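Student: Encoded as structure tokens, here's the structure I'll be asking about.
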Amino acid sequence: MEYRNIVLVGMMGTGKSSVGQALASRLNWMYEDTDAAIERAQGMSITRMFAELGEPFFRKAESETIERTLQGRHQVVATGGGAVLAEQNRILMKRSGLVVALKASAETIIERVRSDQSRPLLQGGVEDRVRHIMESRKHAYDFADLHVDTDGKTVGQIVDEICSRLEREWA
């Protein structure tokens with residue numbers, strides 16, 4: 001089986017952007033980060049969007065960007081951590097490609113995002129916010145076709161694991 005796209009989902013800090021870029025390079029596919037696409041289209045950062053226009057505005061822009069992006073082919077698409085919260089996004093992801101959920105422990109995520117000031121959902125205490133978001137989304141990524149734990153692994157190891165699992169799927 002050949003997939004139109006590979007869609008990476010998961011909590012912030014699980015490695016979607018870095019793994020997505022490396023996976024796209026390995027497959028010789030295009031790479032798209034939906035958060036970056038939203039920022040380009042809106043002409044402002046996500047942090048500013050949240051502050052000035054609110055999360056509902058951002059989520060609407062996110063859904064529109066996902067729909068537009070997933071019309072393409074042979075792309076690795078990294079989505080924002082909350083993109084899976086909208087059912088319409090999950091349906092589009094499943095229809096448009098293979099969905100790979102990247103996961104990591106709370107400790108790993110906290111370590112990876114601790115100093116990143118560009119994450120509006122983490123304002124007010126990184127540790128507590130990460131644990132709260134993880135708990136509220138603990139089943140949000142269950143719909144994915146593949147689940148890959150990124151704890152203690154390099155980007156190359158994660159890409160190798162995804163590719164070996166894809167080879168078994170495509171064989």
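Chain labels run A, B, ... following the order of the structure tokens; each chain numbers its residues from 1, and ligands are numbered from 1 in the order shown.
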Would you pick out the contacts of Met134 of chain A at 10 Å or less, using only C-alpha atoms, so that residues sharing its chain but fewer than 3 positions from it are not included, and give the list as a list in words?
Tutor: Gly10, Met11, Met12, Ser105, Ala106, Ile109, Asp128, Arg129, Val130, Arg131, Arg137, Lys138, His139 and Ala140 of chain A
Student: Enumerate the residues of segment 22-164 of chain A with a DSSP assignment of strand (DSSP E), computed from the backbone, and present them as a ChimeraX atom specification.
Tutor: /A:30-33,75-78,98-103,146-149
Student: Next, the residues of the selection above should be written as a PDB file, in the first residue's frame with N, CA and C atoms.
Tutor:
```pdb
ATOM      1  N   MET A  30       8.090  16.167   0.190  1.00  0.00           N
ATOM      2  CA  MET A  30       8.000  17.533   0.702  1.00  0.00           C
ATOM      3  C   MET A  30       7.700  17.466   2.202  1.00  0.00           C
ATOM      4  N   TYR A  31       8.053  18.535   2.892  1.00  0.00           N
ATOM      5  CA  TYR A  31       7.747  18.649   4.319  1.00  0.00           C
ATOM      6  C   TYR A  31       6.907  19.889   4.540  1.00  0.00           C
ATOM      7  N   GLU A  32       5.875  19.760   5.360  1.00  0.00           N
ATOM      8  CA  GLU A  32       5.069  20.922   5.745  1.00  0.00           C
ATOM      9  C   GLU A  32       4.755  20.851   7.220  1.00  0.00           C
ATOM     10  N   ASP A  33       4.922  21.975   7.878  1.00  0.00           N
ATOM     11  CA  ASP A  33       4.569  22.129   9.279  1.00  0.00           C
ATOM     12  C   ASP A  33       3.333  23.017   9.296  1.00  0.00           C
ATOM     13  N   GLN A  75       3.908  14.100   0.937  1.00  0.00           N
ATOM     14  CA  GLN A  75       4.360  15.074   1.918  1.00  0.00           C
ATOM     15  C   GLN A  75       4.372  14.427   3.294  1.00  0.00           C
ATOM     16  N   VAL A  76       5.304  14.875   4.093  1.00  0.00           N
ATOM     17  CA  VAL A  76       5.265  14.573   5.515  1.00  0.00           C
ATOM     18  C   VAL A  76       4.749  15.854   6.166  1.00  0.00           C
ATOM     19  N   VAL A  77       3.643  15.727   6.892  1.00  0.00           N
ATOM     20  CA  VAL A  77       2.967  16.886   7.461  1.00  0.00           C
ATOM     21  C   VAL A  77       3.024  16.796   8.988  1.00  0.00           C
ATOM     22  N   ALA A  78       3.697  17.766   9.611  1.00  0.00           N
ATOM     23  CA  ALA A  78       3.732  17.853  11.066  1.00  0.00           C
ATOM     24  C   ALA A  78       2.606  18.781  11.498  1.00  0.00           C
ATOM     25  N   LEU A  98      -1.239   8.218   6.022  1.00  0.00           N
ATOM     26  CA  LEU A  98      -0.929   7.385   7.180  1.00  0.00           C
ATOM     27  C   LEU A  98      -0.673   8.324   8.353  1.00  0.00           C
ATOM     28  N   VAL A  99      -1.350   8.090   9.462  1.00  0.00           N
ATOM     29  CA  VAL A  99      -1.194   8.954  10.637  1.00  0.00           C
ATOM     30  C   VAL A  99      -0.247   8.263  11.619  1.00  0.00           C
ATOM     31  N   VAL A 100       0.819   8.966  11.965  1.00  0.00           N
ATOM     32  CA  VAL A 100       1.819   8.453  12.901  1.00  0.00           C
ATOM     33  C   VAL A 100       1.798   9.335  14.146  1.00  0.00           C
ATOM     34  N   ALA A 101       1.501   8.723  15.291  1.00  0.00           N
ATOM     35  CA  ALA A 101       1.495   9.446  16.558  1.00  0.00           C
ATOM     36  C   ALA A 101       2.849   9.286  17.229  1.00  0.00           C
ATOM     37  N   LEU A 102       3.493  10.413  17.522  1.00  0.00           N
ATOM     38  CA  LEU A 102       4.728  10.401  18.286  1.00  0.00           C
ATOM     39  C   LEU A 102       4.367  10.669  19.736  1.00  0.00           C
ATOM     40  N   LYS A 103       4.960   9.892  20.627  1.00  0.00           N
ATOM     41  CA  LYS A 103       4.661  10.096  22.037  1.00  0.00           C
ATOM     42  C   LYS A 103       5.948  10.127  22.841  1.00  0.00           C
ATOM     43  N   LEU A 146      -0.005   4.331  13.370  1.00  0.00           N
ATOM     44  CA  LEU A 146       1.226   3.884  14.028  1.00  0.00           C
ATOM     45  C   LEU A 146       1.474   4.762  15.243  1.00  0.00           C
ATOM     46  N   HIS A 147       2.060   4.163  16.272  1.00  0.00           N
ATOM     47  CA  HIS A 147       2.432   4.896  17.485  1.00  0.00           C
ATOM     48  C   HIS A 147       3.914   4.647  17.731  1.00  0.00           C
ATOM     49  N   VAL A 148       4.683   5.719  17.895  1.00  0.00           N
ATOM     50  CA  VAL A 148       6.121   5.600  18.071  1.00  0.00           C
ATOM     51  C   VAL A 148       6.534   6.400  19.305  1.00  0.00           C
ATOM     52  N   ASP A 149       7.191   5.732  20.228  1.00  0.00           N
ATOM     53  CA  ASP A 149       7.703   6.380  21.432  1.00  0.00           C
ATOM     54  C   ASP A 149       9.032   7.038  21.098  1.00  0.00           C
TER      55      ASP A 149
END
```
Student: Can you tell me which residues surround Asn89 of chain A at a distance of at most 8 Å, considering only C-alpha atoms, apart from same-chain residues fewer than 4 positions away, and format the answer as a list in words?
Tutor: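 Near Asn89 of chain A, the qualifying residues are Ser63, Ile66, Glu67, Ala83, Val84, Leu85 and Met93 of chain A.
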Student: Using only C-alpha atoms, please write the residues we just selected to a file, as a compact mmCIF listing (two decimals), in the first residue's frame.
Tutor:
```txt
# COMPACT_ATOMS: atom_id res chain seq x y z
CA SER A 63 -8.48 23.29 10.36
CA ILE A 66 -4.86 21.13 7.44
CA GLU A 67 -7.59 20.72 4.83
CA ALA A 83 -4.93 19.61 15.79
CA VAL A 84 -6.43 16.22 16.64
CA LEU A 85 -9.02 17.77 18.96
CA MET A 93 -5.84 13.06 8.36
```
Student: What parts of chain A does DSSP call alpha helix (DSSP H)? I'd like the answer as a VMD selection string.
Tutor: chain A and resid 16 to 27 34 to 42 46 to 53 55 to 69 87 to 96 106 to 113 126 to 136 155 to 170
Student: Export, as an mmCIF file, in the first residue's frame, the selected residues with C-alpha atoms.
Tutor:
```cif
data_model
loop_
_atom_site.group_PDB
_atom_site.id
_atom_site.type_symbol
_atom_site.label_atom_id
_atom_site.label_comp_id
_atom_site.auth_asym_id
_atom_site.auth_seq_id
_atom_site.Cartn_x
_atom_site.Cartn_y
_atom_site.Cartn_z
ATOM 1 C CA LYS A 16 7.024 16.155 15.134
ATOM 2 C CA SER A 17 8.927 18.992 13.452
ATOM 3 C CA SER A 18 12.427 17.543 13.631
ATOM 4 C CA VAL A 19 11.291 14.004 12.828
ATOM 5 C CA GLY A 20 9.049 15.320 10.039
ATOM 6 C CA GLN A 21 11.891 17.147 8.323
ATOM 7 C CA ALA A 22 14.225 14.160 8.575
ATOM 8 C CA LEU A 23 11.541 11.697 7.427
ATOM 9 C CA ALA A 24 10.644 13.868 4.434
ATOM 10 C CA SER A 25 14.308 14.049 3.492
ATOM 11 C CA ARG A 26 14.686 10.262 3.801
ATOM 12 C CA LEU A 27 11.607 9.627 1.625
ATOM 13 C CA THR A 34 0.964 23.264 9.678
ATOM 14 C CA ASP A 35 1.829 25.680 12.503
ATOM 15 C CA ALA A 36 4.404 27.403 10.263
ATOM 16 C CA ALA A 37 1.871 27.483 7.409
ATOM 17 C CA ILE A 38 -0.698 29.130 9.699
ATOM 18 C CA GLU A 39 1.830 31.759 10.763
ATOM 19 C CA ARG A 40 2.697 32.504 7.113
ATOM 20 C CA ALA A 41 -0.965 32.767 6.112
ATOM 21 C CA GLN A 42 -1.937 34.954 9.083
ATOM 22 C CA ILE A 46 0.750 31.601 16.990
ATOM 23 C CA THR A 47 1.490 33.201 20.367
ATOM 24 C CA ARG A 48 0.257 36.547 19.048
ATOM 25 C CA MET A 49 -2.774 34.894 17.417
ATOM 26 C CA PHE A 50 -3.775 33.342 20.740
ATOM 27 C CA ALA A 51 -3.267 36.639 22.587
ATOM 28 C CA GLU A 52 -4.973 38.947 20.096
ATOM 29 C CA LEU A 53 -7.518 36.763 18.304
ATOM 30 C CA GLU A 55 -7.780 30.096 20.516
ATOM 31 C CA PRO A 56 -11.057 29.631 18.545
ATOM 32 C CA PHE A 57 -9.663 31.814 15.735
ATOM 33 C CA PHE A 58 -6.439 29.803 15.740
ATOM 34 C CA ARG A 59 -8.275 26.440 15.697
ATOM 35 C CA LYS A 60 -10.378 27.563 12.703
ATOM 36 C CA ALA A 61 -7.232 28.662 10.837
ATOM 37 C CA GLU A 62 -5.608 25.352 11.805
ATOM 38 C CA SER A 63 -8.481 23.293 10.364
ATOM 39 C CA GLU A 64 -8.453 25.308 7.128
ATOM 40 C CA THR A 65 -4.682 24.872 6.815
ATOM 41 C CA ILE A 66 -4.863 21.128 7.443
ATOM 42 C CA GLU A 67 -7.592 20.722 4.832
ATOM 43 C CA ARG A 68 -5.617 22.722 2.253
ATOM 44 C CA THR A 69 -2.301 21.027 3.033
ATOM 45 C CA GLU A 87 -13.027 15.539 14.599
ATOM 46 C CA GLN A 88 -12.980 17.028 11.096
ATOM 47 C CA ASN A 89 -9.171 17.202 11.292
ATOM 48 C CA ARG A 90 -8.882 13.562 12.399
ATOM 49 C CA ILE A 91 -11.136 12.461 9.534
ATOM 50 C CA LEU A 92 -9.100 14.452 6.999
ATOM 51 C CA MET A 93 -5.838 13.063 8.358
ATOM 52 C CA LYS A 94 -7.043 9.461 8.092
ATOM 53 C CA ARG A 95 -8.418 9.986 4.569
ATOM 54 C CA SER A 96 -5.312 11.749 3.337
ATOM 55 C CA ALA A 106 5.836 13.993 30.584
ATOM 56 C CA GLU A 107 9.426 14.347 31.827
ATOM 57 C CA THR A 108 10.820 14.231 28.283
ATOM 58 C CA ILE A 109 8.268 16.736 26.985
ATOM 59 C CA ILE A 110 8.894 19.107 29.901
ATOM 60 C CA GLU A 111 12.635 18.968 29.287
ATOM 61 C CA ARG A 112 12.185 19.619 25.544
ATOM 62 C CA VAL A 113 9.759 22.555 25.870
ATOM 63 C CA VAL A 126 5.388 24.310 32.254
ATOM 64 C CA GLU A 127 5.293 21.183 34.436
ATOM 65 C CA ASP A 128 1.691 21.573 35.540
ATOM 66 C CA ARG A 129 0.482 22.639 32.090
ATOM 67 C CA VAL A 130 2.213 19.722 30.305
ATOM 68 C CA ARG A 131 0.780 17.194 32.750
ATOM 69 C CA HIS A 132 -2.696 18.744 32.490
ATOM 70 C CA ILE A 133 -2.630 18.771 28.674
ATOM 71 C CA MET A 134 -1.320 15.199 28.564
ATOM 72 C CA GLU A 135 -4.114 14.032 30.861
ATOM 73 C CA SER A 136 -6.807 15.853 28.884
ATOM 74 C CA VAL A 155 15.749 11.784 15.394
ATOM 75 C CA GLY A 156 17.584 9.285 13.170
ATOM 76 C CA GLN A 157 16.480 6.346 15.313
ATOM 77 C CA ILE A 158 12.869 7.532 15.228
ATOM 78 C CA VAL A 159 12.965 7.948 11.444
ATOM 79 C CA ASP A 160 14.542 4.482 11.092
ATOM 80 C CA GLU A 161 11.747 3.001 13.205
ATOM 81 C CA ILE A 162 9.021 4.720 11.190
ATOM 82 C CA CYS A 163 10.620 3.685 7.880
ATOM 83 C CA SER A 164 11.033 0.058 8.926
ATOM 84 C CA ARG A 165 7.397 -0.061 10.003
ATOM 85 C CA LEU A 166 6.345 1.587 6.727
ATOM 86 C CA GLU A 167 8.333 -0.977 4.739
ATOM 87 C CA ARG A 168 6.414 -3.754 6.488
ATOM 88 C CA GLU A 169 3.133 -1.953 5.694
ATOM 89 C CA TRP A 170 4.065 -1.311 2.049
#
```
Student: Just give me the gap between atom CA of Ala104 of chain A and atom CA of Ala86 of chain A in Å, one decimal is fine.
Tutor: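 If I compute the distance from atom CA of Ala104 of chain A to atom CA of Ala86 of chain A, I get 21.8 Å.
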